[in-house]
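Colleague: What follows is the file protein_3.txt, containing compact mmCIF, C-alpha atoms:
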```txt
# COMPACT_ATOMS: atom_id res chain seq x y z
CA MET A 1314 18.32 -92.65 -53.50
CA GLY A 1315 18.99 -95.27 -56.20
CA LYS A 1316 21.38 -93.12 -58.25
CA THR A 1317 25.13 -93.35 -57.83
CA ALA A 1318 25.33 -89.55 -58.04
CA ASP A 1319 23.18 -89.33 -54.91
CA LEU A 1320 25.79 -91.16 -52.81
CA THR A 1321 27.88 -88.94 -50.59
CA ALA A 1322 31.67 -89.18 -50.43
CA VAL A 1323 31.36 -90.81 -47.00
CA GLN A 1324 28.88 -93.43 -48.30
CA LYS A 1325 31.17 -94.26 -51.22
CA ALA A 1326 34.13 -94.68 -48.88
CA ILE A 1327 32.08 -96.99 -46.62
CA ILE A 1328 30.99 -99.04 -49.66
CA ASP A 1329 34.64 -99.54 -50.68
CA THR A 1330 35.62 -100.49 -47.12
CA LEU A 1331 32.79 -102.99 -46.65
CA LYS A 1332 33.48 -104.51 -50.08
CA ARG A 1333 37.09 -105.15 -49.10
CA GLU A 1334 35.80 -106.83 -45.94
CA GLY A 1335 33.87 -109.28 -48.12
CA LYS A 1336 30.36 -107.92 -47.58
CA THR A 1337 27.75 -108.56 -50.28
CA GLN A 1338 26.10 -105.69 -52.16
CA LYS A 1339 22.83 -106.39 -50.33
CA GLU A 1340 24.55 -106.22 -46.94
CA ILE A 1341 26.32 -103.01 -47.92
CA SER A 1342 23.12 -101.33 -49.16
CA GLU A 1343 21.31 -102.22 -45.92
CA ARG A 1344 24.25 -100.94 -43.83
CA ILE A 1345 24.43 -97.46 -45.41
CA GLY A 1346 20.74 -97.06 -46.29
CA CYS A 1347 20.79 -96.90 -50.09
CA SER A 1348 19.57 -99.11 -52.93
CA GLN A 1349 21.51 -102.16 -54.01
CA SER A 1350 21.64 -100.82 -57.58
CA ALA A 1351 23.44 -97.67 -56.35
CA VAL A 1352 26.05 -99.85 -54.65
CA SER A 1353 26.42 -101.96 -57.79
CA ARG A 1354 26.86 -98.93 -60.07
CA HIS A 1355 29.43 -97.39 -57.73
CA LEU A 1356 31.47 -100.60 -57.58
CA SER A 1357 31.19 -101.06 -61.34
CA GLY A 1358 32.44 -97.54 -61.90
CA LYS A 1359 35.38 -98.17 -59.61
CA SER A 1360 36.27 -101.39 -61.43
CA VAL A 1361 36.58 -99.97 -64.95
CA GLY A 1362 39.74 -98.10 -64.04
CA ARG A 1363 38.53 -94.52 -63.90
CA LYS A 1364 41.32 -92.06 -63.29
CA LYS A 1365 41.37 -90.38 -59.92
CA CYS A 1366 41.45 -86.66 -60.44
CA GLY A 1367 40.86 -85.44 -56.89
CA LYS A 1368 37.77 -83.88 -55.37
CA LYS A 1369 35.99 -81.58 -57.78
CA CYS A 1370 35.28 -78.08 -56.50
CA CYS A 1371 31.64 -77.89 -55.41
CA THR A 1372 31.19 -74.19 -56.19
CA THR A 1373 32.30 -71.66 -58.78
CA ARG A 1374 34.32 -68.50 -58.22
CA ARG A 1375 31.14 -66.48 -58.77
CA GLY A 1376 29.35 -68.56 -56.13
CA ASP A 1377 32.14 -67.90 -53.63
CA GLN A 1378 31.96 -64.16 -54.37
CA THR A 1379 28.21 -64.28 -53.70
CA LEU A 1380 28.88 -65.90 -50.33
CA ARG A 1381 31.36 -63.18 -49.37
CA LYS A 1382 28.78 -60.48 -50.17
CA ILE A 1383 26.15 -62.28 -48.05
CA VAL A 1384 28.58 -62.49 -45.09
CA GLU A 1385 29.53 -58.80 -45.39
CA LYS A 1386 25.88 -57.72 -45.13
CA ASP A 1387 25.62 -59.09 -41.59
CA ARG A 1388 28.71 -60.41 -39.80
CA PHE A 1389 26.66 -62.09 -37.05
CA GLN A 1390 24.56 -64.52 -39.09
CA THR A 1391 24.46 -68.21 -38.21
CA LEU A 1392 25.75 -70.91 -40.55
CA GLY A 1393 22.15 -71.93 -41.23
CA ASP A 1394 21.18 -68.39 -42.25
CA LEU A 1395 24.22 -68.07 -44.53
CA TRP A 1396 23.55 -71.43 -46.17
CA LYS A 1397 19.86 -70.56 -46.76
CA GLN A 1398 20.70 -67.25 -48.45
CA TRP A 1399 23.50 -68.82 -50.46
CA THR A 1400 21.26 -71.57 -51.86
CA GLU A 1401 18.47 -69.05 -52.50
CA SER A 1402 20.91 -67.10 -54.68
CA GLY A 1403 21.09 -70.10 -57.03
CA VAL A 1404 24.11 -71.96 -55.63
CA GLU A 1405 23.51 -75.70 -55.23
CA THR A 1406 25.64 -76.91 -52.34
CA SER A 1407 25.50 -78.69 -49.00
CA ARG A 1408 25.83 -77.38 -45.44
CA ALA A 1409 29.16 -79.25 -45.22
CA THR A 1410 30.54 -77.18 -48.11
CA MET A 1411 29.19 -74.06 -46.41
CA HIS A 1412 31.07 -75.03 -43.25
CA ARG A 1413 34.36 -75.53 -45.12
CA ARG A 1414 34.08 -72.24 -47.00
CA VAL A 1415 33.59 -69.97 -44.00
CA LEU A 1416 35.23 -71.75 -41.05
CA LEU A 1417 38.40 -73.45 -42.26
CA ASN A 1418 41.58 -71.87 -43.59
CA GLN A 1419 43.90 -73.64 -46.04
CA LYS A 1420 46.19 -75.01 -43.31
CA GLN A 1421 43.25 -76.49 -41.40
CA ARG A 1422 41.83 -78.03 -44.59
CA GLN A 1423 45.19 -79.63 -45.35
CA LYS A 1424 45.44 -81.10 -41.84
CA ARG A 1425 41.96 -82.58 -42.12
CA LEU A 1426 42.73 -83.99 -45.57
CA THR A 1427 45.96 -85.58 -44.33
CA TRP A 1428 44.19 -87.09 -41.31
CA ALA A 1429 41.39 -88.47 -43.50
CA THR A 1430 43.79 -89.81 -46.14
CA GLU A 1431 45.79 -91.73 -43.55
CA LYS A 1432 42.61 -93.43 -42.32
CA GLN A 1433 40.66 -93.79 -45.56
CA HIS A 1434 41.11 -97.58 -45.59
CA TRP A 1435 40.20 -98.17 -41.95
CA THR A 1436 37.59 -100.84 -41.43
CA VAL A 1437 34.38 -100.48 -39.44
CA ALA A 1438 35.99 -102.63 -36.76
CA GLN A 1439 38.95 -100.23 -36.47
CA TRP A 1440 36.69 -97.18 -36.17
CA SER A 1441 34.65 -98.93 -33.48
CA LYS A 1442 37.79 -98.93 -31.31
CA VAL A 1443 38.16 -95.12 -31.39
CA LEU A 1444 37.16 -93.12 -28.30
CA PHE A 1445 36.46 -89.50 -29.27
CA SER A 1446 36.42 -86.63 -26.77
CA ASP A 1447 35.85 -82.90 -26.75
CA GLU A 1448 34.80 -80.09 -24.43
CA SER A 1449 32.42 -77.22 -25.07
CA LYS A 1450 31.36 -74.09 -23.22
CA PHE A 1451 27.64 -73.42 -22.83
CA CYS A 1452 26.57 -69.84 -22.04
CA MET A 1453 23.23 -68.73 -20.60
CA SER A 1454 23.16 -65.75 -22.97
CA PHE A 1455 24.44 -64.94 -26.47
CA GLY A 1456 24.55 -68.60 -27.41
CA ASN A 1457 27.61 -70.77 -27.04
CA GLN A 1458 30.78 -68.75 -26.33
CA GLY A 1459 29.23 -65.44 -27.32
CA ALA A 1460 28.14 -64.10 -30.69
CA ARG A 1461 30.16 -65.40 -33.66
CA VAL A 1462 31.39 -62.77 -36.10
CA TRP A 1463 32.66 -63.42 -39.62
CA ARG A 1464 35.68 -61.18 -40.30
CA LYS A 1465 39.10 -61.15 -41.91
CA THR A 1466 42.46 -60.33 -40.35
CA GLY A 1467 42.62 -56.60 -39.66
CA GLU A 1468 38.84 -56.12 -39.33
CA LYS A 1469 38.72 -56.67 -35.56
CA GLU A 1470 37.91 -53.04 -34.68
CA MET A 1471 35.45 -52.38 -37.52
CA PRO A 1472 32.07 -51.19 -36.11
CA LYS A 1473 30.11 -53.74 -38.15
CA CYS A 1474 32.21 -56.50 -36.55
CA LEU A 1475 31.45 -55.40 -32.97
CA LYS A 1476 28.48 -56.25 -30.78
CA SER A 1477 27.59 -55.47 -27.16
CA SER A 1478 27.80 -58.36 -24.71
CA VAL A 1479 27.68 -59.28 -21.03
CA LYS A 1480 31.21 -59.28 -19.62
CA TYR A 1481 30.82 -62.30 -17.36
CA PRO A 1482 27.77 -64.33 -18.50
CA GLN A 1483 26.83 -67.47 -16.60
CA SER A 1484 28.37 -70.46 -18.35
CA VAL A 1485 29.53 -74.02 -17.85
CA MET A 1486 32.33 -75.99 -19.52
CA VAL A 1487 31.57 -79.66 -20.19
CA TRP A 1488 33.89 -82.49 -21.30
CA GLY A 1489 32.63 -85.77 -22.69
CA ALA A 1490 33.72 -88.88 -24.58
CA MET A 1491 31.89 -91.16 -27.02
CA SER A 1492 32.50 -94.13 -29.29
CA ALA A 1493 30.63 -96.74 -31.27
CA ALA A 1494 30.36 -98.68 -28.00
CA GLY A 1495 28.53 -95.85 -26.19
CA VAL A 1496 29.24 -92.70 -24.18
CA GLY A 1497 31.12 -91.94 -20.98
CA PRO A 1498 30.13 -89.69 -18.05
CA LEU A 1499 30.17 -85.92 -18.47
CA CYS A 1500 32.76 -83.82 -16.65
CA PHE A 1501 31.72 -80.31 -15.58
CA ILE A 1502 34.87 -78.19 -15.54
CA LYS A 1503 35.44 -75.22 -13.24
CA GLY A 1504 37.81 -72.58 -14.58
CA ARG A 1505 40.09 -72.88 -17.58
CA VAL A 1506 41.39 -76.13 -19.03
CA ASN A 1507 45.17 -76.30 -18.66
CA ALA A 1508 47.62 -79.19 -18.74
CA ALA A 1509 47.12 -80.02 -15.04
CA SER A 1510 43.31 -79.97 -15.12
CA TYR A 1511 43.27 -81.94 -18.36
CA GLN A 1512 45.40 -84.66 -16.80
CA GLU A 1513 42.81 -84.95 -14.01
CA ILE A 1514 40.05 -85.25 -16.62
CA LEU A 1515 41.97 -88.03 -18.37
CA GLU A 1516 42.55 -89.87 -15.09
CA HIS A 1517 39.11 -89.52 -13.53
CA PHE A 1518 36.84 -89.49 -16.61
CA MET A 1519 38.60 -90.69 -19.79
CA LEU A 1520 40.13 -93.83 -18.30
CA PRO A 1521 36.90 -94.87 -16.50
CA SER A 1522 35.02 -94.23 -19.76
CA ALA A 1523 37.45 -96.45 -21.65
CA GLU A 1524 37.16 -99.20 -19.03
CA LYS A 1525 33.37 -99.01 -19.15
CA LEU A 1526 33.20 -99.12 -22.96
CA TYR A 1527 36.11 -101.44 -23.82
CA GLY A 1528 37.07 -103.31 -20.67
CA ASP A 1529 40.51 -104.87 -21.16
CA GLU A 1530 40.41 -104.47 -24.95
CA ASP A 1531 42.69 -102.06 -26.81
CA PHE A 1532 41.31 -98.71 -27.97
CA VAL A 1533 42.47 -95.49 -29.67
CA PHE A 1534 41.94 -92.18 -27.87
CA GLN A 1535 41.21 -89.30 -30.28
CA HIS A 1536 41.03 -85.70 -29.02
CA ASP A 1537 41.56 -82.28 -30.62
CA LEU A 1538 44.95 -80.55 -30.57
CA ALA A 1539 44.21 -77.76 -28.10
CA PRO A 1540 47.33 -76.44 -26.30
CA ALA A 1541 46.40 -78.12 -23.02
CA HIS A 1542 45.80 -81.44 -24.81
CA SER A 1543 49.14 -81.45 -26.64
CA ALA A 1544 51.29 -80.48 -23.64
CA ARG A 1545 54.16 -82.92 -23.05
CA SER A 1546 52.98 -83.63 -19.50
CA CYS A 1547 49.68 -84.91 -20.87
```
Let me see the file written as structure tokens.
Modeller:
Amino acid sequence: MGKTADLTAVQKAIIDTLKREGKTQKEISERIGCSQSAVSRHLSGKSVGRKKCGKKCCTTRRGDQTLRKIVEKDRFQTLGDLWKQWTESGVETSRATMHRRVLLNQKQRQKRLTWATEKQHWTVAQWSKVLFSDESKFCMSFGNQGARVWRKTGEKEMPKCLKSSVKYPQSVMVWGAMSAAGVGPLCFIKGRVNAASYQEILEHFMLPSAEKLYGDEDFVFQHDLAPAHSARSC
């Protein structure tokens, strides 16, 4: 825990932010849960003018090829199963890297990078004003939203990418909001989420959540860019 190399990218970013806010190294180390020496070495490394060369690739081309072979053996494995087999093959990586490799395409990665870059210098106080929301469907069988299959474009009808399922399993759609100040009430949604139903959610659940958590103070509402969420009427 005391080594600078053990700090994650998120921890390093928090260290830089807290340092700009005037926090001491002891206060920073207590805030993020690492040793004071690790904070000191990170700040010292930043101060000697090291060139920024971008994020180094966490895996090799051979490691990525190994992952593709593992996925092709069973298209219905969970992320945890894939990560376990990948690390057992000799690849040293995190679950976050596993997530990026198999779930995000290049366009999605670029959007996330742009979003993160724009907010990389936000303070803890600014983030505490953000109200996050999302909805998720919970099924009584086959996990959440059915069985996930790992496939490429054009492999939809391949036998190894198909699996039997219940046509209309019992399920429930739930919307919720949370922030550093706490959480709001859950909304159980009947039917599909469209622009009209989403407006009702915003009116009857998001706004009361914001009033409960922030009162008359300003806040930033952050939701995903689903079609219903980005409709002009919303």
Colleague: In Å to one decimal, how far is CA of Lys1382 in chain A from CA of Leu1395 in chain A?
Modeller: 10.5 Å
Colleague: Give me, please, the distance in Å between CA of Glu1513 in chain A and CA of Glu1530 in chain A, quoted to one decimal.
Modeller: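 Rounded to one decimal, the two atoms are 22.5 Å apart.
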Colleague: Could you give me, as JSON, numbers by chain, the residues within 7 Å of Asp1447 in chain A, counting all atoms listed in the file and dropping anything in the same chain fewer than 6 positions from it?
Modeller: {"A": [1488, 1489, 1490, 1536, 1537]}
Colleague: May I ask for the distance between CA of Ala1438 in chain A and CA of Gly1358 in chain A, given in Å to one decimal place?
Modeller: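 About the pair CA of Ala1438 in chain A and CA of Gly1358 in chain A: they are 25.9 Å apart.
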